[in-house]
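Asks: Pasting a structure here, questions to come.
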Amino acid sequence: MAVETKLPYDKQYVSQFSEKRGEPNWMKEFRLQALEQSENLPMPKPEKTRIDTWNFTEFNHEVTGAEISNLEELPEQLKVFFDLESKNENVLIQRNHTVAYASLADSLKDKGVIFTDIFTAVKEHSDLVKKYYMRDTLSVDENRLTALHAALLNGGVFIYVPKNVVIDEPLQTIFWQEDEEAALYNHVLIVADQGSEVTYVENYVSHNDEKPSVANIVTEVIALDQARVSYGAVDNFAQGTTTYVNRRGVAYRDAKIEWAIGQMNDGNTISENTTNLMGDNSHAEAKAVTVGRGNQSQNFVANITHFGKGSEGYILSHGVMKDKASSIFSGIGKIEHGASKSNAEQESRVLMLSEGARGDANPILLIDEDDVTAGHAASVGRVDPLQLFYLMSRGISKKEAERLVIHGFLAPVVNQIPIEAVRKQLTNVIERKVN
Amino acid sequence: MAASTLVIKDLHVEIEGKEILKGVNLTINTGEFHAVMGPNGTGKSTLASAIMGHPKYEITKGSVLLNGEDVLEMEVDERAQAGLFLAMQYPSEISGVTNSDFLRSSINALRGEGNEIPLMQFIKEMDAAMDYLEMDKNMAQRYLNEGFSGGEKKRNEILQLMLLKPAIGILDEIDSGLDIDALKVVSKGINKMRNDGFGCLIITHYQRLLEYITPDKVHVMMQGRVVKSGGPELAERLEAEGYEWIKEELGIEDETVGQEA
Ligand SMILES: Nc1ncnc2c1ncn2[C@@H]1O[C@H](COP(=O)(O)OP(=O)(O)O)[C@@H](O)[C@H]1O
Ligand SMILES: [Mg+2]
């Protein structure tokens, strides 16, 4: 049975939504054009994953949230994402579709760093946003969901790091869907100007175990010449949320983008992470871990495409599937003609813990240049009963033995994650999902 | 220390439909060291694995009781909780789990919730046992058995034995693949365990190990049964004369499992 994919949000609704937020005209037109396109575009077609019964239409598009004046006011479930011992000077919390809390160190403001919600950004930094928004990394008309994203955008942040500014402390966001039916059309746009450096950490959180909702997320990271962006994310959408998340990056000459993504949603998820290595000697690392449980179905794509000479791409993903969870992992290393001396490496490993769990790893290398190096390793397997026997023979319960094996399986990725806060968060979330 | 008794009675075990053990009888009390000897393929590892609950082995007949409690009804972890320990012939490798995390989890699992070992005490005990076994300290931070040499794995099994202090230890070919120095160290570890609260079943097909560990009782396995038992003098005779005389005495042509007497 195919679910209705037409939405109750029409031209009039979108115009009013845009006007109410005081968006510049170009943004309103951008939305309206995308809305029109969405009607004729096909849904995305993730490899080996059927999405025709997934909910993409049932949700509330606009829900406000109360502001908070202090991180201490957050519920425990959210406090765990912060190290409350440290200063946390650069934080933005979006609660439903309201900015509930926002801070940025004065020293960074003085240097011209922008870290603000997407609506403020389109008003106050209209030209800068317009220059990059949904252009370099992803086009509106890729499929119906990317077009709907543009039409229905209702949250997100914009970060701009000026030339040669190096930010030591991470910028952190929490996108908190406190309301059980609130949908998130969230856009994160990070522009790291030449020679700048920034670390960004984000968390998506929802609590709707049963109520249906939708998350349609686009991230764009633009790393200009010699810039370095370290991007950490731990996704925690609850079971009721269908998630479509596209994280895209483009790295110019000598630039580097490092992704570290914990794909810990409990609902059905399509997650794509693509980096285009445009510049010579550009570099990308895409590291991801996931734990699937319950009946969820997930599709993960990690893609690094090399255009620049001497570019380096490294994909590493490890996933554990429990219960009846199923996941498809595709790793794509693509070297375009002319990208000589490039290197594309990838490794993906899937461990299935139960009879009903399913996993599939598809390593793909597409190489259109002779003078390159490339390699891939992939494995899909069930947990070794002899490992469990060994651990249990020392008095460890079956559950604890599985917990050790899972942590061990994910450790090679978690330990390589460059952002300490993300490593800690991941260890906690893995712990929660394993128990 | 509490006294314990492990009683194995008429144990029959199959693997993949093939009967390997054909009625094993053995009783081990704490305070006693038993050696089970026998050529390769006679069912020694099957006996050890079946007692511990290896998932591949099916018990078709007989019983294993520890202090009167039915071991065969227990889950593997419950067997360990009850006081059994198996040093495996081929210990598993577990990537991503450090040796020390594993040891601490094991100790805490045996001590029970609310009675976890204080971290400093754990480190002290582990360091002392590693020193005793002449193990490199960085083995504590390496992943469990991953990339360990044959000898390192065996030492690591004895390290666990020393720290977990079971009532009954079953050591399956703890001597195989060890050079003479390692053999001495491993034996030293096992001998240190000797006390009234510990009984041991030492499985080996060489007599060599028994030069360093003196067993109280020696049993010979052939064709999936214990065919002869005696005192330490039996091991000495086996060392001097090999197994042929037993085969002749009992009229056995092929001692391996699957051959009829
Ligand atoms: N996994 C297995 N599948 C089939 N046969 C096995 C398996 N493991 C052991 N056996 C058989 O069981 C018999 C006894 O093996 P084992 O108990 O390992 O002997 P030992 O430890 O005395 O050398 C041998 O004939 C061996 O071939
Ligand atoms: Mg054996």
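Following the order of the structure tokens, chains are lettered A, B, ..., residues in each are numbered from 1, and ligands are numbered from 1.
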May I have the residues within 9 Å of ligand 1, computed using only C-alpha atoms and all ligand atoms, as an NGL selection string?
Replies: :B and (14-21 or 37-49 or 56-57 or 89 or 172-173 or 203-205 or 221-224 or 256-258)
Asks: Residues near range 235-252 of chain B, anyone? I mean within 10 Å using only C-alpha atoms, not counting same-chain ones fewer than 4 positions away, as a list of chain:residue names.
Replies: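 My list of contacting residues is B:Ala35, B:Val36, B:Met37, B:Gly38, B:Pro39, B:Tyr206, B:Gln207, B:Arg208, B:Leu210, B:Glu211, B:Thr214, B:Pro215, B:Lys217, B:Val218, B:His219, B:Val220, B:Met222, B:Gln223, B:Val227, B:Lys228, B:Ser229, B:Gly230, B:Gly231, B:Thr256, B:Gln259, B:Glu260, B:Ala261.
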Asks: Please determine the contact residues of chain B with respect to chain A at a cut-off of 7 Å, counting only C-alpha atoms, and supply them as a PyMOL selection string.
Replies: chain B and resi 52+54+76-78+80-81+85+92+94-97+106+109-110
Asks: Those selected residues, please, written with all heavy atoms and delivered as a short mmCIF file (atom, residue, chain, number, x, y, z; two decimals), in the first residue's frame.
Replies:
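After the write, part.cif holds the following:
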```cif
data_model
loop_
_atom_site.label_atom_id
_atom_site.label_comp_id
_atom_site.auth_asym_id
_atom_site.auth_seq_id
_atom_site.Cartn_x
_atom_site.Cartn_y
_atom_site.Cartn_z
N MET B 52 31.43 -26.88 30.34
CA MET B 52 31.25 -25.43 30.42
C MET B 52 30.03 -24.94 29.63
O MET B 52 29.60 -23.82 29.81
CB MET B 52 32.53 -24.74 29.89
CG MET B 52 32.73 -23.35 30.44
SD MET B 52 33.08 -23.36 32.22
CE MET B 52 32.17 -21.91 32.73
N HIS B 54 29.60 -25.27 25.97
CA HIS B 54 29.89 -24.84 24.59
C HIS B 54 28.66 -25.08 23.70
O HIS B 54 28.06 -26.16 23.74
CB HIS B 54 31.08 -25.67 24.08
CG HIS B 54 31.63 -25.23 22.76
ND1 HIS B 54 30.89 -25.29 21.61
CD2 HIS B 54 32.85 -24.73 22.41
CE1 HIS B 54 31.63 -24.86 20.60
NE2 HIS B 54 32.82 -24.51 21.06
N VAL B 76 25.68 -20.68 30.46
CA VAL B 76 27.15 -20.67 30.58
C VAL B 76 27.61 -19.73 31.70
O VAL B 76 28.47 -20.09 32.52
CB VAL B 76 27.79 -20.26 29.23
CG1 VAL B 76 29.29 -20.15 29.38
CG2 VAL B 76 27.42 -21.25 28.15
N ASP B 77 27.01 -18.53 31.77
CA ASP B 77 27.46 -17.58 32.79
C ASP B 77 27.10 -18.08 34.19
O ASP B 77 27.84 -17.85 35.15
CB ASP B 77 26.90 -16.17 32.55
CG ASP B 77 25.40 -16.13 32.45
OD1 ASP B 77 24.80 -17.07 31.89
OD2 ASP B 77 24.80 -15.15 32.93
N GLU B 78 25.98 -18.81 34.29
CA GLU B 78 25.61 -19.37 35.60
C GLU B 78 26.60 -20.44 36.05
O GLU B 78 26.87 -20.60 37.24
CB GLU B 78 24.20 -19.96 35.55
CG GLU B 78 23.12 -18.90 35.35
CD GLU B 78 21.75 -19.49 35.02
OE1 GLU B 78 21.68 -20.63 34.51
OE2 GLU B 78 20.76 -18.80 35.26
N ALA B 80 29.77 -20.37 35.43
CA ALA B 80 30.91 -19.63 35.97
C ALA B 80 30.57 -19.08 37.36
O ALA B 80 31.39 -19.14 38.28
CB ALA B 80 31.29 -18.49 35.02
N GLN B 81 29.34 -18.57 37.49
CA GLN B 81 28.92 -18.04 38.79
C GLN B 81 28.95 -19.15 39.85
O GLN B 81 29.24 -18.89 41.02
CB GLN B 81 27.48 -17.50 38.72
CG GLN B 81 27.24 -16.42 37.68
CD GLN B 81 27.65 -15.03 38.14
OE1 GLN B 81 27.97 -14.85 39.30
NE2 GLN B 81 27.66 -14.08 37.23
N PHE B 85 35.42 -22.84 35.79
CA PHE B 85 36.25 -22.01 34.91
C PHE B 85 36.88 -22.93 33.88
O PHE B 85 37.34 -24.02 34.20
CB PHE B 85 37.36 -21.34 35.72
CG PHE B 85 38.33 -20.52 34.89
CD1 PHE B 85 38.11 -19.16 34.69
CD2 PHE B 85 39.45 -21.11 34.30
CE1 PHE B 85 39.00 -18.40 33.93
CE2 PHE B 85 40.34 -20.35 33.53
CZ PHE B 85 40.10 -19.00 33.34
N SER B 92 38.95 -17.24 22.27
CA SER B 92 38.46 -16.31 21.24
C SER B 92 39.20 -14.98 21.31
O SER B 92 39.68 -14.58 22.36
CB SER B 92 36.98 -16.00 21.47
OG SER B 92 36.20 -17.12 21.18
N ILE B 94 38.64 -10.94 20.85
CA ILE B 94 37.54 -9.99 20.84
C ILE B 94 38.08 -8.58 20.63
O ILE B 94 38.69 -7.98 21.50
CB ILE B 94 36.68 -10.11 22.11
CG1 ILE B 94 36.11 -11.54 22.10
CG2 ILE B 94 35.56 -9.06 22.11
CD1 ILE B 94 35.38 -11.93 23.31
N SER B 95 37.84 -8.11 19.43
CA SER B 95 38.37 -6.82 19.02
C SER B 95 37.65 -5.69 19.75
O SER B 95 36.46 -5.76 20.01
CB SER B 95 38.15 -6.69 17.51
OG SER B 95 38.75 -5.51 17.07
N GLY B 96 38.41 -4.64 20.07
CA GLY B 96 37.79 -3.44 20.64
C GLY B 96 37.51 -3.52 22.13
O GLY B 96 37.13 -2.52 22.73
N VAL B 97 37.69 -4.70 22.73
CA VAL B 97 37.48 -4.83 24.18
C VAL B 97 38.84 -5.06 24.81
O VAL B 97 39.51 -6.05 24.50
CB VAL B 97 36.56 -6.03 24.50
CG1 VAL B 97 36.41 -6.20 26.00
CG2 VAL B 97 35.21 -5.85 23.82
N SER B 106 34.46 -9.28 34.17
CA SER B 106 34.31 -10.66 34.64
C SER B 106 34.31 -10.71 36.17
O SER B 106 33.46 -11.35 36.78
CB SER B 106 35.45 -11.54 34.13
OG SER B 106 35.52 -11.48 32.75
N ALA B 109 31.14 -9.31 37.43
CA ALA B 109 30.00 -10.21 37.19
C ALA B 109 29.96 -11.29 38.26
O ALA B 109 28.90 -11.64 38.76
CB ALA B 109 30.11 -10.83 35.80
N LEU B 110 31.14 -11.78 38.64
CA LEU B 110 31.18 -12.84 39.65
C LEU B 110 30.90 -12.30 41.05
O LEU B 110 30.29 -12.97 41.88
CB LEU B 110 32.53 -13.56 39.62
CG LEU B 110 32.83 -14.35 38.34
CD1 LEU B 110 34.23 -14.93 38.39
CD2 LEU B 110 31.81 -15.47 38.14
#
```
Asks: Nearest residue to Tyr13 in chain A out of A:Ile419, A:Val234, A:Leu145, A:Leu152, using only C-alpha atoms?
Replies: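 Ranked by minimum distance to Tyr13 in chain A, first place goes to A:Leu152.
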Asks: What's the separation between CA of Asn203 in chain A and CA of Gly65 in chain A, in Å to one decimal place?
Replies: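 Result for CA of Asn203 in chain A versus CA of Gly65 in chain A: 17.0 Å, one decimal.
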Asks: Need to verify the contact set: range 325-335 of chain A, 8 Å, only C-alpha atoms, exclusion of same-chain residues closer than 6 positions in sequence. Can you return it as a PDB file with N, CA and C atoms, in the first residue's frame?
Replies:
```
ATOM      1  N   GLU A  47      19.006   2.572  -2.565  1.00  0.00           N
ATOM      2  CA  GLU A  47      19.335   1.208  -2.966  1.00  0.00           C
ATOM      3  C   GLU A  47      18.748   0.171  -2.008  1.00  0.00           C
ATOM      4  N   LYS A  48      18.013  -0.807  -2.555  1.00  0.00           N
ATOM      5  CA  LYS A  48      17.543  -1.970  -1.783  1.00  0.00           C
ATOM      6  C   LYS A  48      16.722  -1.628  -0.538  1.00  0.00           C
ATOM      7  N   THR A  49      16.146  -0.444  -0.485  1.00  0.00           N
ATOM      8  CA  THR A  49      15.317  -0.092   0.660  1.00  0.00           C
ATOM      9  C   THR A  49      13.972   0.405   0.157  1.00  0.00           C
ATOM     10  N   GLY A 292      21.264  -0.237  14.979  1.00  0.00           N
ATOM     11  CA  GLY A 292      19.864  -0.363  14.581  1.00  0.00           C
ATOM     12  C   GLY A 292      19.155  -1.306  15.533  1.00  0.00           C
ATOM     13  N   ARG A 293      17.912  -0.988  15.854  1.00  0.00           N
ATOM     14  CA  ARG A 293      17.160  -1.895  16.742  1.00  0.00           C
ATOM     15  C   ARG A 293      15.683  -1.851  16.401  1.00  0.00           C
ATOM     16  N   GLY A 294      14.911  -2.711  17.049  1.00  0.00           N
ATOM     17  CA  GLY A 294      13.472  -2.753  16.781  1.00  0.00           C
ATOM     18  C   GLY A 294      13.224  -3.182  15.349  1.00  0.00           C
ATOM     19  N   ASN A 295      12.233  -2.553  14.739  1.00  0.00           N
ATOM     20  CA  ASN A 295      11.876  -2.913  13.360  1.00  0.00           C
ATOM     21  C   ASN A 295      12.396  -1.905  12.351  1.00  0.00           C
ATOM     22  N   GLN A 296      13.267  -1.023  12.749  1.00  0.00           N
ATOM     23  CA  GLN A 296      13.614   0.087  11.870  1.00  0.00           C
ATOM     24  C   GLN A 296      14.381  -0.373  10.629  1.00  0.00           C
ATOM     25  N   SER A 297      14.167   0.374   9.571  1.00  0.00           N
ATOM     26  CA  SER A 297      14.866   0.127   8.322  1.00  0.00           C
ATOM     27  C   SER A 297      15.671   1.380   7.999  1.00  0.00           C
ATOM     28  N   GLN A 298      16.940   1.188   7.649  1.00  0.00           N
ATOM     29  CA  GLN A 298      17.786   2.358   7.410  1.00  0.00           C
ATOM     30  C   GLN A 298      18.640   2.163   6.163  1.00  0.00           C
ATOM     31  N   ASN A 299      18.915   3.267   5.522  1.00  0.00           N
ATOM     32  CA  ASN A 299      19.757   3.235   4.327  1.00  0.00           C
ATOM     33  C   ASN A 299      20.824   4.317   4.449  1.00  0.00           C
ATOM     34  N   PHE A 300      22.066   3.895   4.410  1.00  0.00           N
ATOM     35  CA  PHE A 300      23.170   4.839   4.583  1.00  0.00           C
ATOM     36  C   PHE A 300      24.031   4.886   3.331  1.00  0.00           C
ATOM     37  N   VAL A 301      24.321   6.090   2.889  1.00  0.00           N
ATOM     38  CA  VAL A 301      25.251   6.254   1.776  1.00  0.00           C
ATOM     39  C   VAL A 301      26.355   7.204   2.215  1.00  0.00           C
ATOM     40  N   ALA A 302      27.590   6.785   2.017  1.00  0.00           N
ATOM     41  CA  ALA A 302      28.717   7.705   2.219  1.00  0.00           C
ATOM     42  C   ALA A 302      29.423   7.797   0.879  1.00  0.00           C
ATOM     43  N   ASN A 303      29.551   9.005   0.392  1.00  0.00           N
ATOM     44  CA  ASN A 303      30.115   9.199  -0.945  1.00  0.00           C
ATOM     45  C   ASN A 303      31.198  10.273  -0.883  1.00  0.00           C
ATOM     46  N   ILE A 304      32.370   9.941  -1.398  1.00  0.00           N
ATOM     47  CA  ILE A 304      33.394  10.980  -1.567  1.00  0.00           C
ATOM     48  C   ILE A 304      33.795  10.969  -3.037  1.00  0.00           C
ATOM     49  N   THR A 305      33.616  12.096  -3.689  1.00  0.00           N
ATOM     50  CA  THR A 305      33.939  12.195  -5.112  1.00  0.00           C
ATOM     51  C   THR A 305      35.124  13.133  -5.305  1.00  0.00           C
ATOM     52  N   HIS A 306      36.120  12.612  -6.017  1.00  0.00           N
ATOM     53  CA  HIS A 306      37.377  13.347  -6.198  1.00  0.00           C
ATOM     54  C   HIS A 306      37.386  14.055  -7.544  1.00  0.00           C
ATOM     55  N   PHE A 307      37.567  15.356  -7.502  1.00  0.00           N
ATOM     56  CA  PHE A 307      37.791  16.143  -8.722  1.00  0.00           C
ATOM     57  C   PHE A 307      39.216  16.700  -8.732  1.00  0.00           C
ATOM     58  N   GLY A 313      40.368  10.716   0.124  1.00  0.00           N
ATOM     59  CA  GLY A 313      39.045  10.447   0.698  1.00  0.00           C
ATOM     60  C   GLY A 313      39.066   9.154   1.474  1.00  0.00           C
ATOM     61  N   ILE A 315      36.524   6.710   3.854  1.00  0.00           N
ATOM     62  CA  ILE A 315      35.195   6.403   4.401  1.00  0.00           C
ATOM     63  C   ILE A 315      35.330   5.230   5.370  1.00  0.00           C
ATOM     64  N   SER A 342      45.164  10.844  -6.708  1.00  0.00           N
ATOM     65  CA  SER A 342      44.193  10.821  -5.613  1.00  0.00           C
ATOM     66  C   SER A 342      44.160   9.451  -4.968  1.00  0.00           C
ATOM     67  N   ALA A 344      41.413   6.940  -2.746  1.00  0.00           N
ATOM     68  CA  ALA A 344      40.064   6.709  -2.215  1.00  0.00           C
ATOM     69  C   ALA A 344      40.059   5.412  -1.429  1.00  0.00           C
ATOM     70  N   GLU A 345      39.829   5.517  -0.130  1.00  0.00           N
ATOM     71  CA  GLU A 345      39.828   4.322   0.711  1.00  0.00           C
ATOM     72  C   GLU A 345      38.496   4.214   1.422  1.00  0.00           C
ATOM     73  N   GLN A 346      38.038   2.994   1.616  1.00  0.00           N
ATOM     74  CA  GLN A 346      36.823   2.845   2.418  1.00  0.00           C
ATOM     75  C   GLN A 346      36.768   1.496   3.103  1.00  0.00           C
ATOM     76  N   GLU A 347      36.063   1.503   4.217  1.00  0.00           N
ATOM     77  CA  GLU A 347      35.865   0.270   4.979  1.00  0.00           C
ATOM     78  C   GLU A 347      34.471   0.309   5.577  1.00  0.00           C
ATOM     79  N   SER A 348      33.673  -0.719   5.327  1.00  0.00           N
ATOM     80  CA  SER A 348      32.407  -0.768   6.064  1.00  0.00           C
ATOM     81  C   SER A 348      32.151  -2.164   6.600  1.00  0.00           C
ATOM     82  N   GLY A 356      16.883 -12.161  13.242  1.00  0.00           N
ATOM     83  CA  GLY A 356      15.989 -11.318  12.451  1.00  0.00           C
ATOM     84  C   GLY A 356      16.642 -10.069  11.878  1.00  0.00           C
ATOM     85  N   ALA A 357      17.850  -9.751  12.322  1.00  0.00           N
ATOM     86  CA  ALA A 357      18.508  -8.525  11.855  1.00  0.00           C
ATOM     87  C   ALA A 357      19.078  -8.736  10.460  1.00  0.00           C
ATOM     88  N   ARG A 358      19.104  -7.655   9.691  1.00  0.00           N
ATOM     89  CA  ARG A 358      19.659  -7.766   8.351  1.00  0.00           C
ATOM     90  C   ARG A 358      20.601  -6.610   8.066  1.00  0.00           C
ATOM     91  N   GLY A 359      21.656  -6.910   7.359  1.00  0.00           N
ATOM     92  CA  GLY A 359      22.596  -5.851   7.007  1.00  0.00           C
ATOM     93  C   GLY A 359      23.214  -6.165   5.661  1.00  0.00           C
ATOM     94  N   ASP A 360      23.599  -5.124   4.972  1.00  0.00           N
ATOM     95  CA  ASP A 360      24.173  -5.306   3.652  1.00  0.00           C
ATOM     96  C   ASP A 360      25.183  -4.182   3.438  1.00  0.00           C
ATOM     97  N   ALA A 361      26.363  -4.522   2.961  1.00  0.00           N
ATOM     98  CA  ALA A 361      27.369  -3.488   2.706  1.00  0.00           C
ATOM     99  C   ALA A 361      27.735  -3.531   1.228  1.00  0.00           C
ATOM    100  N   ASN A 362      27.641  -2.388   0.573  1.00  0.00           N
ATOM    101  CA  ASN A 362      27.993  -2.304  -0.847  1.00  0.00           C
ATOM    102  C   ASN A 362      29.136  -1.331  -1.046  1.00  0.00           C
ATOM    103  N   PRO A 363      30.340  -1.834  -1.127  1.00  0.00           N
ATOM    104  CA  PRO A 363      31.454  -0.920  -1.412  1.00  0.00           C
ATOM    105  C   PRO A 363      31.554  -0.679  -2.922  1.00  0.00           C
ATOM    106  N   ILE A 364      31.617   0.568  -3.307  1.00  0.00           N
ATOM    107  CA  ILE A 364      31.647   0.889  -4.736  1.00  0.00           C
ATOM    108  C   ILE A 364      32.819   1.831  -5.011  1.00  0.00           C
ATOM    109  N   LEU A 365      33.663   1.433  -5.958  1.00  0.00           N
ATOM    110  CA  LEU A 365      34.742   2.331  -6.392  1.00  0.00           C
ATOM    111  C   LEU A 365      34.515   2.627  -7.867  1.00  0.00           C
ATOM    112  N   LEU A 366      34.420   3.892  -8.216  1.00  0.00           N
ATOM    113  CA  LEU A 366      34.204   4.280  -9.610  1.00  0.00           C
ATOM    114  C   LEU A 366      35.383   5.154 -10.007  1.00  0.00           C
ATOM    115  N   ILE A 367      36.239   4.616 -10.851  1.00  0.00           N
ATOM    116  CA  ILE A 367      37.506   5.305 -11.079  1.00  0.00           C
ATOM    117  C   ILE A 367      37.713   5.599 -12.555  1.00  0.00           C
ATOM    118  N   ASP A 368      37.894   6.865 -12.855  1.00  0.00           N
ATOM    119  CA  ASP A 368      38.011   7.299 -14.238  1.00  0.00           C
ATOM    120  C   ASP A 368      39.358   7.990 -14.464  1.00  0.00           C
ATOM    121  N   GLU A 369      40.371   7.488 -13.781  1.00  0.00           N
ATOM    122  CA  GLU A 369      41.697   8.106 -13.872  1.00  0.00           C
ATOM    123  C   GLU A 369      42.706   6.999 -13.557  1.00  0.00           C
TER     124      GLU A 369
END
```
Asks: Give the strand (DSSP E or B) residues of range 20-264 of chain A, as assigned by DSSP on the backbone, as a ChimeraX atom specification.
Replies: /A:60,91-95,98-103,114-117,155-161,166,171-177,182,184-192,197-206,213-223,228-236,241-251,256-263
Asks: Which residues are close to range 190-192 of chain A, i.e. within 7 Å by only C-alpha atoms, leaving aside same-chain residues fewer than 5 positions away? Reply as a PDB file with N, CA and C atoms, in the first residue's frame.
Replies:
```pdb
ATOM      1  N   PHE A 158      23.088  29.029  10.488  1.00  0.00           N
ATOM      2  CA  PHE A 158      24.077  29.484   9.516  1.00  0.00           C
ATOM      3  C   PHE A 158      25.350  29.827  10.276  1.00  0.00           C
ATOM      4  N   ILE A 159      26.451  29.315   9.752  1.00  0.00           N
ATOM      5  CA  ILE A 159      27.748  29.611  10.368  1.00  0.00           C
ATOM      6  C   ILE A 159      28.673  30.147   9.298  1.00  0.00           C
ATOM      7  N   TYR A 160      29.298  31.268   9.609  1.00  0.00           N
ATOM      8  CA  TYR A 160      30.307  31.802   8.695  1.00  0.00           C
ATOM      9  C   TYR A 160      31.568  32.074   9.510  1.00  0.00           C
ATOM     10  N   VAL A 161      32.675  31.528   9.034  1.00  0.00           N
ATOM     11  CA  VAL A 161      33.953  31.773   9.694  1.00  0.00           C
ATOM     12  C   VAL A 161      34.814  32.565   8.714  1.00  0.00           C
ATOM     13  N   PRO A 162      35.159  33.804   9.083  1.00  0.00           N
ATOM     14  CA  PRO A 162      35.909  34.648   8.140  1.00  0.00           C
ATOM     15  C   PRO A 162      37.312  34.104   7.874  1.00  0.00           C
ATOM     16  N   GLU A 197      39.289  27.725  10.432  1.00  0.00           N
ATOM     17  CA  GLU A 197      39.103  26.399  11.032  1.00  0.00           C
ATOM     18  C   GLU A 197      37.958  26.434  12.025  1.00  0.00           C
ATOM     19  N   GLU A 220      24.995  21.691   4.631  1.00  0.00           N
ATOM     20  CA  GLU A 220      25.965  22.028   3.582  1.00  0.00           C
ATOM     21  C   GLU A 220      27.212  22.590   4.254  1.00  0.00           C
ATOM     22  N   VAL A 221      28.334  22.003   3.945  1.00  0.00           N
ATOM     23  CA  VAL A 221      29.605  22.516   4.453  1.00  0.00           C
ATOM     24  C   VAL A 221      30.429  22.983   3.257  1.00  0.00           C
ATOM     25  N   ILE A 222      30.767  24.245   3.264  1.00  0.00           N
ATOM     26  CA  ILE A 222      31.597  24.798   2.195  1.00  0.00           C
ATOM     27  C   ILE A 222      32.947  25.125   2.813  1.00  0.00           C
ATOM     28  N   ALA A 223      33.953  24.357   2.437  1.00  0.00           N
ATOM     29  CA  ALA A 223      35.298  24.617   2.958  1.00  0.00           C
ATOM     30  C   ALA A 223      36.111  25.244   1.833  1.00  0.00           C
ATOM     31  N   LEU A 224      36.314  26.555   1.935  1.00  0.00           N
ATOM     32  CA  LEU A 224      37.072  27.254   0.896  1.00  0.00           C
ATOM     33  C   LEU A 224      38.567  26.934   1.048  1.00  0.00           C
ATOM     34  N   ALA A 227      40.690  25.786   4.184  1.00  0.00           N
ATOM     35  CA  ALA A 227      39.861  25.770   5.396  1.00  0.00           C
ATOM     36  C   ALA A 227      39.796  24.353   5.951  1.00  0.00           C
TER      37      ALA A 227
END
```
Asks: I want to know what sits within 9 Å of Val429 in chain A, based on only C-alpha atoms, with residues of the same chain fewer than 3 positions away left out; could you give that as JSON, numbers by chain?
Replies: {"A": [234, 236, 262, 264, 424, 425, 426, 432, 433, 434]}
Asks: Can you pull out every residue from range 31-170 of chain B that DSSP, working from the backbone, puts in helix (DSSP H, G or I), and format the result as a PyMOL selection string?
Replies: chain B and resi 44-52+71-73+76-82+99-111+119-132+137-140+150-164
Asks: As a list in words, please: the residues near Lys131 in chain A (cut-off 12 Å, only C-alpha atoms, same-chain neighbours under 2 positions excluded).
Replies: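 With the cut-off at 12 Å, the set is Trp26, Met27, Val122, His125, Ser126, Asp127, Leu128, Val129, Tyr133, Met134, Arg135, Asp136, Leu189, Val191 and Ile222 of chain A.
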Asks: Can you tell me how far CA of Asn265 in chain A sits from CA of Asp235 in chain A, in Å to one decimal?
Replies: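 The value is 5.8 Å.
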Asks: Report, in Å with one decimal, the straight-line distance from CA of Ile107 in chain B to CA of Ile174 in chain B.
Replies: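 Computing it gives 21.4 Å between the two atoms.
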Asks: I'd like the neighbourhood of Val218 in chain A as JSON, numbers by chain, where a residue qualifies if any of its atoms comes within 10 Å (using only C-alpha atoms), though same-chain residues fewer than 6 positions away should be ignored.
Replies: {"A": [134, 137, 138, 146, 149, 150, 153, 156, 185, 186, 187, 188, 189, 244, 245, 246, 247, 248, 272, 273]}
Asks: Which is closer to ligand 2 than all the others in B:Leu178, B:Gly147, B:Leu159, B:Tyr90, using only C-alpha atoms and all ligand atoms?
Replies: B:Tyr90
Asks: Smallest atom-to-atom distance to Leu144 in chain B: which of B:Pro232, B:Gly83, B:Gly177, B:Pro91, using only C-alpha atoms?
Replies: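 Using only C-alpha atoms, the shortest distance to Leu144 in chain B belongs to B:Pro91.
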Asks: Looking at only C-alpha atoms and all ligand atoms, which of B:Ile202, B:Val186, B:Val24, B:Ala140 is the one that sits closest to ligand 2?
Replies: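 For ligand 2, the nearest of the given residues is B:Ile202.
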